[in-house]
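Containing mmCIF, C-alpha atoms: input.cif.
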```
data_query
#
loop_
_atom_site.label_atom_id
_atom_site.label_comp_id
_atom_site.auth_asym_id
_atom_site.auth_seq_id
_atom_site.Cartn_x
_atom_site.Cartn_y
_atom_site.Cartn_z
CA MET F 1 -49.11 39.89 -60.70
CA THR F 2 -48.79 42.34 -63.63
CA LEU F 3 -47.46 42.13 -67.18
CA ASP F 4 -44.64 44.28 -68.43
CA PRO F 5 -45.67 45.94 -71.69
CA ASN F 6 -42.19 45.40 -73.14
CA ASN F 7 -41.96 41.87 -71.94
CA ASP F 8 -44.47 39.11 -72.00
CA LEU F 9 -42.99 37.45 -68.81
CA PRO F 10 -44.77 38.09 -65.50
CA LEU F 11 -42.98 40.37 -62.98
CA ALA F 12 -43.30 39.42 -59.28
CA ILE F 13 -44.04 42.36 -56.98
CA PRO F 14 -43.75 41.67 -53.20
CA HIS F 15 -46.79 42.13 -51.12
CA PRO F 16 -46.35 44.81 -48.43
CA GLN F 17 -47.95 42.79 -45.66
CA THR F 18 -45.89 39.65 -46.38
CA GLU F 19 -42.54 41.53 -46.25
CA ALA F 20 -43.35 43.09 -42.85
CA GLY F 21 -44.17 39.70 -41.39
CA ARG F 22 -40.82 38.33 -42.48
CA LEU F 23 -38.97 41.22 -40.85
CA ARG F 24 -40.81 40.73 -37.56
CA LEU F 25 -40.00 37.01 -37.57
CA ARG F 26 -36.29 37.70 -38.18
CA PHE F 27 -36.27 40.27 -35.38
CA ARG F 28 -37.81 37.81 -32.95
CA LYS F 29 -35.16 35.13 -33.76
CA ARG F 30 -32.36 37.60 -33.08
CA TRP F 31 -33.76 38.56 -29.72
CA LEU F 32 -34.30 34.92 -28.83
CA LEU F 33 -30.62 34.24 -29.64
CA VAL F 34 -29.57 37.15 -27.44
CA LEU F 35 -31.61 35.78 -24.55
CA LEU F 36 -30.14 32.28 -24.96
CA ILE F 37 -26.51 33.48 -24.78
CA PRO F 38 -26.53 33.98 -20.93
CA VAL F 39 -28.24 30.61 -20.54
CA PHE F 40 -25.53 28.90 -22.60
CA MET F 41 -22.75 30.73 -20.69
CA PHE F 42 -24.21 29.76 -17.31
CA SER F 43 -24.66 26.15 -18.40
CA GLY F 44 -21.08 26.03 -19.69
CA ALA F 45 -19.75 27.44 -16.41
CA VAL F 46 -21.67 24.88 -14.37
CA ILE F 47 -20.54 22.00 -16.60
CA GLY F 48 -16.94 23.22 -16.53
CA MET F 49 -16.91 23.48 -12.72
CA TYR F 50 -18.51 20.07 -12.34
CA TYR F 51 -16.52 18.02 -14.86
CA GLN F 52 -13.33 20.10 -15.11
CA PRO F 53 -12.28 19.01 -18.62
CA PRO F 54 -8.54 18.74 -19.39
CA GLY F 55 -8.51 22.08 -21.21
CA LEU F 56 -9.88 23.86 -18.15
CA GLN F 57 -7.38 22.10 -15.91
CA LYS F 58 -4.49 23.21 -18.12
CA PHE F 59 -5.81 26.77 -18.02
CA TYR F 60 -5.80 26.77 -14.20
CA ALA F 61 -2.36 25.16 -14.18
CA LEU F 62 -0.90 27.80 -16.51
CA THR F 63 -2.49 30.76 -14.77
CA GLY F 64 -1.99 29.47 -11.23
CA LEU F 65 -5.63 30.17 -10.39
CA GLN F 66 -7.55 27.95 -7.98
CA PRO F 67 -11.26 27.20 -8.40
CA GLY F 68 -13.08 29.19 -5.74
CA GLY F 69 -9.87 30.92 -4.68
CA GLY F 70 -11.30 34.38 -5.26
CA ALA F 71 -14.14 33.89 -2.79
CA LYS F 72 -13.87 34.19 0.99
CA ALA F 73 -16.29 31.29 1.39
CA PRO F 74 -16.15 29.03 -1.71
CA ILE F 75 -19.51 27.61 -2.76
CA ALA F 76 -18.06 24.10 -3.15
CA LEU F 77 -15.23 21.95 -1.91
CA PRO F 78 -12.42 20.93 -4.25
CA PRO F 79 -13.91 18.47 -6.75
CA GLU F 80 -11.41 15.70 -5.91
CA ILE F 81 -12.61 15.52 -2.27
CA GLU F 82 -15.91 13.79 -1.85
CA LEU F 83 -17.11 14.20 1.72
CA PRO F 84 -18.91 11.41 3.53
CA LYS F 85 -22.54 12.13 4.19
CA ALA F 86 -22.09 12.41 7.95
CA MET F 87 -19.30 14.95 7.60
CA ALA F 88 -21.07 16.90 4.88
CA GLU F 89 -24.09 17.40 7.13
CA THR F 90 -21.95 19.01 9.84
CA MET F 91 -19.74 20.93 7.44
CA ARG F 92 -19.53 24.67 7.97
CA ALA F 93 -18.47 27.21 5.41
CA THR F 94 -15.46 28.17 7.52
CA ASP F 95 -14.10 24.63 7.86
CA VAL F 96 -11.03 23.61 5.85
CA VAL F 97 -11.00 20.18 4.23
CA GLY F 98 -8.15 18.24 2.65
CA LEU F 99 -6.99 14.76 1.82
CA ALA F 100 -4.71 13.14 4.39
CA ARG F 101 -2.93 9.88 5.17
CA LEU F 102 -2.34 8.17 8.49
CA LEU F 103 1.24 7.56 9.57
CA PRO F 104 3.19 6.88 12.77
CA ARG F 105 4.86 9.72 14.61
CA GLY F 106 8.10 10.45 12.85
CA ASP F 107 6.81 8.77 9.67
CA ILE F 108 7.75 5.28 8.52
CA SER F 109 11.36 4.23 9.12
CA VAL F 110 12.95 2.07 6.42
CA VAL F 111 15.20 -0.66 7.80
CA ALA F 112 18.03 -0.99 5.28
CA PRO F 113 21.15 -3.19 5.36
CA PRO F 114 24.17 -1.60 7.07
CA TYR F 115 26.65 0.48 5.10
CA GLY F 116 29.20 -1.63 3.28
CA ALA F 117 27.12 -4.81 3.20
CA GLY F 118 27.84 -5.09 -0.52
CA ASP F 119 26.26 -8.08 -2.26
CA ALA F 120 25.22 -9.80 0.95
CA ARG F 121 21.87 -11.60 0.96
CA VAL F 122 19.35 -11.96 3.74
CA ALA F 123 20.20 -15.11 5.68
CA GLU F 124 17.62 -14.93 8.46
CA LEU F 125 14.74 -12.76 9.61
CA LEU F 126 14.65 -12.38 13.39
CA VAL F 127 11.29 -10.57 13.74
CA ALA F 128 7.76 -10.81 12.36
CA GLU F 129 5.21 -8.25 11.24
CA GLY F 130 3.46 -6.59 14.14
CA GLN F 131 6.30 -7.32 16.56
CA ARG F 132 7.55 -4.48 18.71
CA VAL F 133 11.33 -4.12 19.00
CA GLU F 134 13.69 -1.76 20.78
CA LYS F 135 16.20 0.46 19.04
CA GLY F 136 19.44 -1.38 18.24
CA THR F 137 17.87 -4.86 18.39
CA PRO F 138 18.94 -7.20 15.51
CA VAL F 139 15.96 -7.71 13.20
CA ALA F 140 17.71 -9.63 10.39
CA ARG F 141 21.04 -11.30 9.68
CA LEU F 142 22.97 -11.31 6.39
CA ASP F 143 24.96 -14.17 4.85
CA ASN F 144 28.32 -12.35 5.09
CA GLN F 145 28.70 -13.24 8.76
CA SER F 146 31.22 -16.08 8.21
CA VAL F 147 33.42 -13.90 5.99
CA LEU F 148 33.46 -11.11 8.55
CA GLN F 149 34.23 -13.57 11.37
CA ASN F 150 37.21 -14.92 9.41
CA ALA F 151 38.48 -11.38 8.99
CA VAL F 152 38.30 -10.95 12.77
CA LEU F 153 40.27 -14.15 13.37
CA SER F 154 42.91 -13.06 10.87
CA ALA F 155 43.22 -9.65 12.56
CA GLU F 156 43.52 -11.28 15.99
CA ALA F 157 46.35 -13.50 14.69
CA ALA F 158 48.13 -10.44 13.28
CA VAL F 159 47.88 -8.72 16.67
CA ALA F 160 49.38 -11.78 18.37
CA ILE F 161 52.30 -11.80 15.92
CA ARG F 162 52.95 -8.10 16.48
CA GLU F 163 52.87 -8.56 20.24
CA ALA F 164 55.44 -11.37 19.99
CA THR F 165 57.58 -9.21 17.73
CA LEU F 166 57.46 -6.40 20.27
CA MET F 167 58.55 -8.71 23.06
CA GLN F 168 61.37 -10.04 20.88
CA THR F 169 62.50 -6.52 20.02
CA ARG F 170 62.50 -5.45 23.65
CA ALA F 171 64.57 -8.50 24.59
CA THR F 172 66.97 -7.86 21.71
CA VAL F 173 67.46 -4.24 22.75
CA GLN F 174 68.06 -5.24 26.34
CA ASN F 175 70.57 -7.93 25.30
CA SER F 176 72.33 -5.49 23.03
CA ARG F 177 72.57 -3.07 25.92
CA ASP F 178 74.05 -5.74 28.17
CA GLU F 179 76.48 -6.81 25.44
CA ALA F 180 77.58 -3.19 24.94
CA GLN F 181 78.16 -2.84 28.67
CA ALA F 182 80.24 -6.02 28.71
CA ALA F 183 82.18 -4.94 25.63
CA LEU F 184 82.94 -1.61 27.29
CA GLU F 185 84.21 -3.25 30.44
CA GLN F 186 86.35 -5.63 28.36
CA ALA F 187 87.74 -2.73 26.34
CA GLN F 188 88.51 -0.79 29.50
CA SER F 189 90.32 -3.79 30.95
CA GLN F 190 92.36 -4.26 27.81
CA ALA F 191 93.14 -0.52 27.73
CA ALA F 192 94.36 -0.64 31.33
CA GLU F 193 96.59 -3.60 30.55
CA ALA F 194 97.93 -1.82 27.46
CA ARG F 195 98.79 1.26 29.53
CA VAL F 196 100.67 -0.91 32.06
CA ASP F 197 102.61 -2.59 29.23
CA LEU F 198 103.43 0.78 27.78
CA GLU F 199 104.79 2.08 31.08
CA ARG F 200 106.91 -1.06 31.58
CA THR F 201 108.22 -0.91 28.02
CA ARG F 202 109.16 2.77 28.37
CA GLU F 203 111.07 1.97 31.55
CA LEU F 204 112.91 -0.86 29.85
CA PHE F 205 113.60 1.35 26.83
CA SER F 206 115.06 4.03 29.10
CA ARG F 207 117.53 1.41 30.45
CA ASN F 208 118.28 0.27 26.92
CA VAL F 209 116.78 -3.11 27.64
CA ALA F 210 113.88 -2.79 25.15
CA THR F 211 114.27 -1.72 21.58
CA ARG F 212 112.59 1.18 19.84
CA ALA F 213 110.52 -1.24 17.79
CA THR F 214 109.16 -2.88 20.89
CA LEU F 215 108.25 0.51 22.37
CA ASP F 216 106.50 1.54 19.18
CA ALA F 217 104.52 -1.70 19.09
CA VAL F 218 103.40 -1.36 22.70
CA THR F 219 102.49 2.29 22.13
CA ALA F 220 100.30 1.35 19.14
CA ALA F 221 98.61 -1.40 21.14
CA GLU F 222 97.80 1.06 23.91
CA GLN F 223 96.29 3.52 21.42
CA GLN F 224 94.18 0.76 19.89
CA ALA F 225 92.92 -0.26 23.32
CA THR F 226 91.98 3.35 24.06
CA LEU F 227 90.06 3.61 20.78
CA ALA F 228 88.30 0.33 21.57
CA VAL F 229 87.10 1.84 24.85
CA ALA F 230 85.73 4.89 23.03
CA LYS F 231 83.94 2.65 20.55
CA ALA F 232 82.43 0.54 23.32
CA GLU F 233 81.32 3.66 25.18
CA ALA F 234 79.62 4.96 22.02
CA THR F 235 77.88 1.64 21.47
CA LEU F 236 76.66 1.55 25.05
CA ALA F 237 75.53 5.18 24.87
CA ARG F 238 73.20 4.27 21.98
CA PHE F 239 71.33 1.88 24.26
CA ALA F 240 71.82 3.56 27.64
CA SER F 241 70.94 7.16 26.70
CA VAL F 242 67.18 6.43 26.63
CA GLN F 243 64.85 3.83 28.12
CA VAL F 244 64.17 0.57 26.38
CA GLU F 245 60.66 1.70 25.33
CA ALA F 246 62.17 4.74 23.59
CA GLN F 247 64.55 2.72 21.46
CA PRO F 248 63.88 3.11 17.70
CA ASP F 249 63.45 -0.63 17.14
CA VAL F 250 60.98 -0.85 20.02
CA ILE F 251 59.07 2.19 18.74
CA VAL F 252 58.73 0.61 15.29
CA ALA F 253 57.47 -2.63 16.87
CA LEU F 254 54.97 -0.66 18.97
CA ARG F 255 53.64 1.16 15.90
CA ASN F 256 53.25 -2.12 14.04
CA LEU F 257 51.30 -3.47 17.01
CA ASP F 258 49.05 -0.38 17.04
CA ALA F 259 48.35 -0.85 13.32
CA ALA F 260 47.44 -4.49 13.90
CA LYS F 261 45.11 -3.52 16.75
CA ALA F 262 43.47 -0.92 14.50
CA ASP F 263 42.87 -3.60 11.87
CA LEU F 264 41.32 -5.80 14.56
CA THR F 265 39.02 -2.96 15.68
CA ARG F 266 37.93 -2.39 12.10
CA ALA F 267 37.31 -6.11 11.60
CA LEU F 268 35.20 -6.20 14.76
CA SER F 269 33.28 -3.15 13.54
CA ASP F 270 32.78 -4.76 10.14
CA GLN F 271 31.43 -7.85 11.86
CA THR F 272 28.38 -5.83 12.91
CA ARG F 273 27.52 -5.45 9.22
CA ALA F 274 26.15 -8.96 9.32
CA ASP F 275 23.36 -7.82 11.66
CA VAL F 276 20.58 -5.47 10.58
CA LEU F 277 19.62 -3.36 13.59
CA ALA F 278 16.35 -1.60 14.33
CA PRO F 279 16.84 2.17 13.78
CA ILE F 280 14.05 3.14 16.17
CA THR F 281 11.89 1.73 18.93
CA GLY F 282 8.66 0.75 17.25
CA THR F 283 6.59 -1.92 15.52
CA VAL F 284 7.45 -3.87 12.37
CA LEU F 285 4.87 -2.72 9.82
CA ASP F 286 5.90 -4.61 6.69
CA ILE F 287 8.68 -6.98 5.56
CA HIS F 288 9.91 -6.69 1.96
CA ALA F 289 12.57 -9.43 1.80
CA THR F 290 12.80 -13.17 2.39
CA PRO F 291 15.82 -15.33 3.33
CA GLY F 292 18.13 -15.81 0.36
CA GLN F 293 17.00 -12.61 -1.33
CA ARG F 294 19.16 -9.57 -1.93
CA PRO F 295 17.85 -6.61 0.12
CA PRO F 296 15.52 -4.62 -2.17
CA ALA F 297 15.88 -0.92 -2.85
CA GLU F 298 12.91 -0.09 -0.58
CA GLY F 299 14.67 -1.73 2.37
CA ILE F 300 14.29 -5.01 4.20
CA MET F 301 11.33 -3.88 6.29
CA ASP F 302 9.36 -0.85 7.51
CA MET F 303 8.99 0.21 11.12
CA GLY F 304 7.03 2.91 12.89
CA ASN F 305 6.05 4.16 16.32
CA ILE F 306 2.34 3.42 16.14
CA ASP F 307 1.81 4.28 19.81
CA GLN F 308 1.28 7.85 18.61
CA MET F 309 -0.37 8.14 15.22
CA MET F 310 -0.35 11.23 13.07
CA ALA F 311 -2.13 12.40 9.94
CA GLU F 312 -0.42 14.27 7.13
CA ALA F 313 -3.02 16.49 5.48
CA GLU F 314 -2.62 18.45 2.25
CA ILE F 315 -4.39 21.81 2.47
CA TYR F 316 -4.82 24.03 -0.55
CA GLN F 317 -2.55 27.07 -0.48
CA ASP F 318 -5.44 29.54 -0.61
CA ARG F 319 -6.99 28.10 2.58
CA VAL F 320 -3.99 27.33 4.74
CA SER F 321 -4.03 30.86 6.19
CA GLN F 322 -7.14 29.84 8.14
CA VAL F 323 -5.35 26.93 9.81
CA GLN F 324 -3.61 27.43 13.17
CA PRO F 325 -1.83 25.00 15.53
CA GLY F 326 -4.13 23.55 18.15
CA GLN F 327 -7.31 23.61 16.05
CA PRO F 328 -9.44 20.44 16.32
CA VAL F 329 -9.43 18.07 13.35
CA GLU F 330 -11.89 15.36 12.38
CA LEU F 331 -10.69 12.46 10.23
CA VAL F 332 -12.98 10.02 8.48
CA ALA F 333 -12.66 7.12 6.03
CA THR F 334 -14.91 4.29 4.96
CA ALA F 335 -12.43 1.66 6.17
CA LEU F 336 -12.47 3.01 9.73
CA GLY F 337 -16.19 2.92 10.34
CA LYS F 338 -15.80 5.80 12.80
CA THR F 339 -14.30 9.26 12.93
CA LEU F 340 -10.93 10.07 14.47
CA GLN F 341 -10.09 13.15 16.45
CA GLY F 342 -6.90 15.15 16.65
CA LYS F 343 -5.37 18.59 16.70
CA VAL F 344 -3.19 20.54 14.31
CA GLU F 345 0.40 20.17 15.51
CA PHE F 346 2.53 21.62 12.73
CA ILE F 347 2.02 23.61 9.53
CA GLY F 348 4.54 23.15 6.74
CA LEU F 349 6.77 25.99 5.60
CA THR F 350 6.74 25.24 1.88
CA VAL F 351 4.13 24.99 -0.85
CA GLY F 352 4.41 21.85 -2.94
CA ARG F 353 2.59 19.80 -5.49
CA GLN F 354 -0.31 17.65 -4.38
CA GLY F 355 0.79 14.11 -3.56
CA LEU F 356 -2.49 12.48 -2.49
CA MET F 357 -4.88 11.81 -5.34
CA SER F 358 -8.46 10.64 -5.32
CA ASP F 359 -9.93 8.04 -7.64
CA ASP F 360 -11.62 10.70 -9.78
CA SER F 361 -10.01 10.72 -13.23
CA ALA F 362 -10.98 14.39 -13.63
CA ALA F 363 -9.29 15.44 -10.39
CA ASN F 364 -6.86 18.34 -10.42
CA THR F 365 -3.39 16.80 -10.16
CA ASP F 366 -1.45 20.07 -10.30
CA ALA F 367 -2.86 21.68 -7.17
CA ARG F 368 -0.47 23.53 -4.86
CA VAL F 369 -0.81 22.45 -1.24
CA VAL F 370 0.79 22.94 2.17
CA ARG F 371 1.53 19.99 4.45
CA VAL F 372 -0.27 20.08 7.81
CA MET F 373 0.57 17.54 10.52
CA VAL F 374 -2.24 16.43 12.82
CA ALA F 375 -1.62 14.62 16.13
CA LEU F 376 -4.33 12.08 16.97
CA ASP F 377 -5.54 11.66 20.52
CA GLU F 378 -4.92 8.44 22.45
CA ALA F 379 -8.19 6.74 21.55
CA SER F 380 -7.92 7.62 17.88
CA SER F 381 -4.27 6.49 17.79
CA ALA F 382 -5.31 3.06 19.05
CA VAL F 383 -7.82 2.76 16.20
CA ALA F 384 -5.49 4.14 13.50
CA ALA F 385 -2.48 2.02 14.57
CA ARG F 386 -3.52 -0.75 12.14
CA PHE F 387 -4.07 1.56 9.17
CA THR F 388 -0.74 3.18 8.32
CA ASN F 389 -0.91 5.03 4.96
CA LEU F 390 -4.72 4.88 4.92
CA GLU F 391 -6.17 7.79 2.95
CA VAL F 392 -8.67 9.80 4.98
CA ILE F 393 -10.45 13.12 4.74
CA ALA F 394 -9.44 15.75 7.28
CA ARG F 395 -11.79 18.52 8.33
CA ILE F 396 -10.17 21.31 10.31
CA ASP F 397 -12.47 23.35 12.52
CA THR F 398 -11.04 26.83 12.04
CA ASN F 399 -13.45 28.18 14.70
CA GLY F 400 -12.03 25.81 17.32
CA PRO F 401 -9.53 26.85 19.99
CA ALA F 402 -6.08 27.44 18.57
CA ARG F 403 -2.76 27.33 20.36
CA PRO F 404 -1.55 30.84 21.26
CA GLU F 405 1.35 32.11 19.22
CA PRO F 406 4.67 32.18 21.15
CA LYS F 407 5.76 35.65 22.18
CA ALA F 408 8.99 37.00 20.77
CA ALA F 409 11.87 37.38 23.18
CA PRO F 410 12.49 40.99 24.21
#
```
Would you kindly transcribe this structure into structure tokens?
Amino acid sequence: MTLDPNNDLPLAIPHPQTEAGRLRLRFRKRWLLVLLIPVFMFSGAVIGMYYQPPGLQKFYALTGLQPGGGAKAPIALPPEIELPKAMAETMRATDVVGLARLLPRGDISVVAPPYGAGDARVAELLVAEGQRVEKGTPVARLDNQSVLQNAVLSAEAAVAIREATLMQTRATVQNSRDEAQAALEQAQSQAAEARVDLERTRELFSRNVATRATLDAVTAAEQQATLAVAKAEATLARFASVQVEAQPDVIVALRNLDAAKADLTRALSDQTRADVLAPITGTVLDIHATPGQRPPAEGIMDMGNIDQMMAEAEIYQDRVSQVQPGQPVELVATALGKTLQGKVEFIGLTVGRQGLMSDDSAANTDARVVRVMVALDEASSAVAARFTNLEVIARIDTNGPARPEPKAAP
């Protein structure tokens, strides 16, 4: 430390060796920070892939990217699928894995009340869960049966009335025809008599025995008799020109009878609305309604053909190109206690949003998947028949034998 001659205060002068040491220390810190940047980036990438925070999920959703989609053999399965230990040990890099659910062939059929049932309630259930029924068999009965039966009785009475009216009309037409024939014969007889009187009167008038007034009166009577014949012939022609069944009154009665019969047919058809029929041949899986309850929106019961079980798997869109019909599939779930075997039967034609979700709260719920249908073999179908809608994990062996593609027609 030195003293300034113009100032009595001491002036600090840095030591050369101390300043160089500080510079070296600062340089080392900067290099240490540079070396730590890759470590932090790698750690962040690992944490992001493992936990998938909401921000990262939104980024993938906006960009349409799929974790691991850029690699031919992704280093990890989708985070929402946690493989059982037994399956993970046999997992190959080429296998395709997806969540799936068990379902009967043709999916679950909802048994709903018939069309036009209105506000009818369930009066009686005719089947129980687990019971097998044939297609068209009544499985439940509604409380509108008495109303529909009364409508049938009313329609039957209307048909009987129309039939009686038709018989009455036919008889009336036939009687009218007979009356017209009799009236014509009577008119013809009277006309003949009038002509005879006219001839006699003319003869008497020519001998000056009858007066002109008498002749005129007889002539007028003869003309009236002739007109009466023409009228009777016209009346008879109206009934005799066509058959009785073709008469207008009979035709109207027949049409009224047809309308009544149509009402009866409709009433008989409506009567079937009291019975709820099985839409397929299968087993009753679940019953949603009880007697006295209005049929719920999800239907009265569910049915399915559990003789042949299927699995609906959701495969990520970037991996479905590896899947082909006929490839072997392994299905596993904790509830089964054993693996199920099947083969790819059908690959969906559309890409949709993922519908099966795991219990992981950080799972990707916006994934785009393709539906793949898997047909279980006979032994696996027998095991899976009691577990409709069970969530399982499907592993498709893409190296397995695939069904040959059909050749195009020449």
How would you write, as a CSV table (one decimal) with C-alpha atoms, in the coordinates of the input, the residues chosen by the PyMOL selection byres ((chain F and resi 146-154) around 9) on this structure?
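Output below, filename out-v9.csv:
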```csv
chain,number,residue,atom,x,y,z
F,143,ASP,CA,25.0,-14.2,4.8
F,144,ASN,CA,28.3,-12.4,5.1
F,145,GLN,CA,28.7,-13.2,8.8
F,155,ALA,CA,43.2,-9.6,12.6
F,156,GLU,CA,43.5,-11.3,16.0
F,157,ALA,CA,46.4,-13.5,14.7
F,158,ALA,CA,48.1,-10.4,13.3
F,159,VAL,CA,47.9,-8.7,16.7
F,263,ASP,CA,42.9,-3.6,11.9
F,264,LEU,CA,41.3,-5.8,14.6
F,265,THR,CA,39.0,-3.0,15.7
F,266,ARG,CA,37.9,-2.4,12.1
F,267,ALA,CA,37.3,-6.1,11.6
F,268,LEU,CA,35.2,-6.2,14.8
F,270,ASP,CA,32.8,-4.8,10.1
F,271,GLN,CA,31.4,-7.8,11.9
F,272,THR,CA,28.4,-5.8,12.9
F,273,ARG,CA,27.5,-5.4,9.2
F,274,ALA,CA,26.2,-9.0,9.3
```
So which residues touch Ala183 in chain F within 9 Å, counting all atoms listed in the file, skipping near sequence neighbours fewer than 6 positions away, as JSON, numbers by chain?
{"F": [229, 232, 233, 235, 236]}
Store the residues of this selection in a file with C-alpha atoms, as a PDB file, in the frame of the given file.
```pdb
ATOM      1  CA  VAL F 229      87.100   1.840  24.850  1.00  0.00           C
ATOM      2  CA  ALA F 232      82.430   0.540  23.320  1.00  0.00           C
ATOM      3  CA  GLU F 233      81.320   3.660  25.180  1.00  0.00           C
ATOM      4  CA  THR F 235      77.880   1.640  21.470  1.00  0.00           C
ATOM      5  CA  LEU F 236      76.660   1.550  25.050  1.00  0.00           C
TER       6      LEU F 236
END
```
Expanded to explicit residues, what is the PyMOL selection byres ((chain F and resi 191) around 10) for this file, as a PyMOL selection string?
chain F and resi 185-190+192-197+221-229
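Against this structure, the PyMOL selection byres ((chain F and resi 214) around 10) ends up with Leu198, Thr201, Arg202, Leu204, Phe205, Ala210, Thr211, Arg212, Ala213, Leu215, Asp216, Ala217, Val218, Thr219 and Ala220 of chain F.
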Determine, counting all atoms listed in the file, which protein, DNA and RNA residues have an atom within 7 Å of an atom of Pro138 in chain F; residues of the same chain fewer than 4 positions away are not included. Present the result as a list in words.
Asp275, Val276, Leu277 and Ala278 of chain F
I'd like the neighbourhood of Pro296 in chain F as an MDAnalysis selection string, where a residue qualifies if any of its atoms comes within 12 Å (using only C-alpha atoms), though same-chain residues fewer than 2 positions away should be ignored.
chainID F and resid 110:113 119:122 287:290 292:294 298:301
For CA of Val320 in chain F and CA of Lys343 in chain F, the interatomic separation in Å (one decimal)
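Taking CA of Val320 in chain F as the start and CA of Lys343 in chain F as the end point, the length is 14.9 Å.
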Would you fill out range 253-268 of chain F with N, CA and C atoms and return it as a short mmCIF file (atom, residue, chain, number, x, y, z; two decimals), in the coordinates of the input?
```cif
data_model
loop_
_atom_site.label_atom_id
_atom_site.label_comp_id
_atom_site.auth_asym_id
_atom_site.auth_seq_id
_atom_site.Cartn_x
_atom_site.Cartn_y
_atom_site.Cartn_z
N ALA F 253 58.28 -1.45 16.52
CA ALA F 253 57.47 -2.63 16.87
C ALA F 253 56.15 -2.21 17.52
N LEU F 254 56.21 -1.16 18.36
CA LEU F 254 54.97 -0.66 18.97
C LEU F 254 54.00 -0.12 17.92
N ARG F 255 54.52 0.63 16.94
CA ARG F 255 53.64 1.16 15.90
C ARG F 255 53.04 0.04 15.06
N ASN F 256 53.80 -0.98 14.78
CA ASN F 256 53.25 -2.12 14.04
C ASN F 256 52.14 -2.81 14.85
N LEU F 257 52.33 -2.88 16.16
CA LEU F 257 51.30 -3.47 17.01
C LEU F 257 50.04 -2.61 17.02
N ASP F 258 50.22 -1.29 17.08
CA ASP F 258 49.05 -0.38 17.04
C ASP F 258 48.30 -0.54 15.72
N ALA F 259 49.02 -0.67 14.61
CA ALA F 259 48.35 -0.85 13.32
C ALA F 259 47.57 -2.16 13.29
N ALA F 260 48.14 -3.21 13.86
CA ALA F 260 47.44 -4.49 13.90
C ALA F 260 46.18 -4.40 14.77
N LYS F 261 46.29 -3.70 15.89
CA LYS F 261 45.11 -3.52 16.75
C LYS F 261 44.03 -2.70 16.04
N ALA F 262 44.45 -1.70 15.26
CA ALA F 262 43.47 -0.92 14.50
C ALA F 262 42.75 -1.79 13.47
N ASP F 263 43.50 -2.68 12.82
CA ASP F 263 42.87 -3.60 11.87
C ASP F 263 41.89 -4.52 12.59
N LEU F 264 42.24 -4.94 13.79
CA LEU F 264 41.32 -5.80 14.56
C LEU F 264 40.06 -5.03 14.93
N THR F 265 40.21 -3.78 15.35
CA THR F 265 39.02 -2.96 15.68
C THR F 265 38.13 -2.79 14.47
N ARG F 266 38.73 -2.53 13.31
CA ARG F 266 37.93 -2.39 12.10
C ARG F 266 37.24 -3.69 11.74
N ALA F 267 37.93 -4.81 11.91
CA ALA F 267 37.31 -6.11 11.60
C ALA F 267 36.14 -6.38 12.54
N LEU F 268 36.31 -6.03 13.82
CA LEU F 268 35.20 -6.20 14.76
C LEU F 268 34.03 -5.29 14.41
#
```
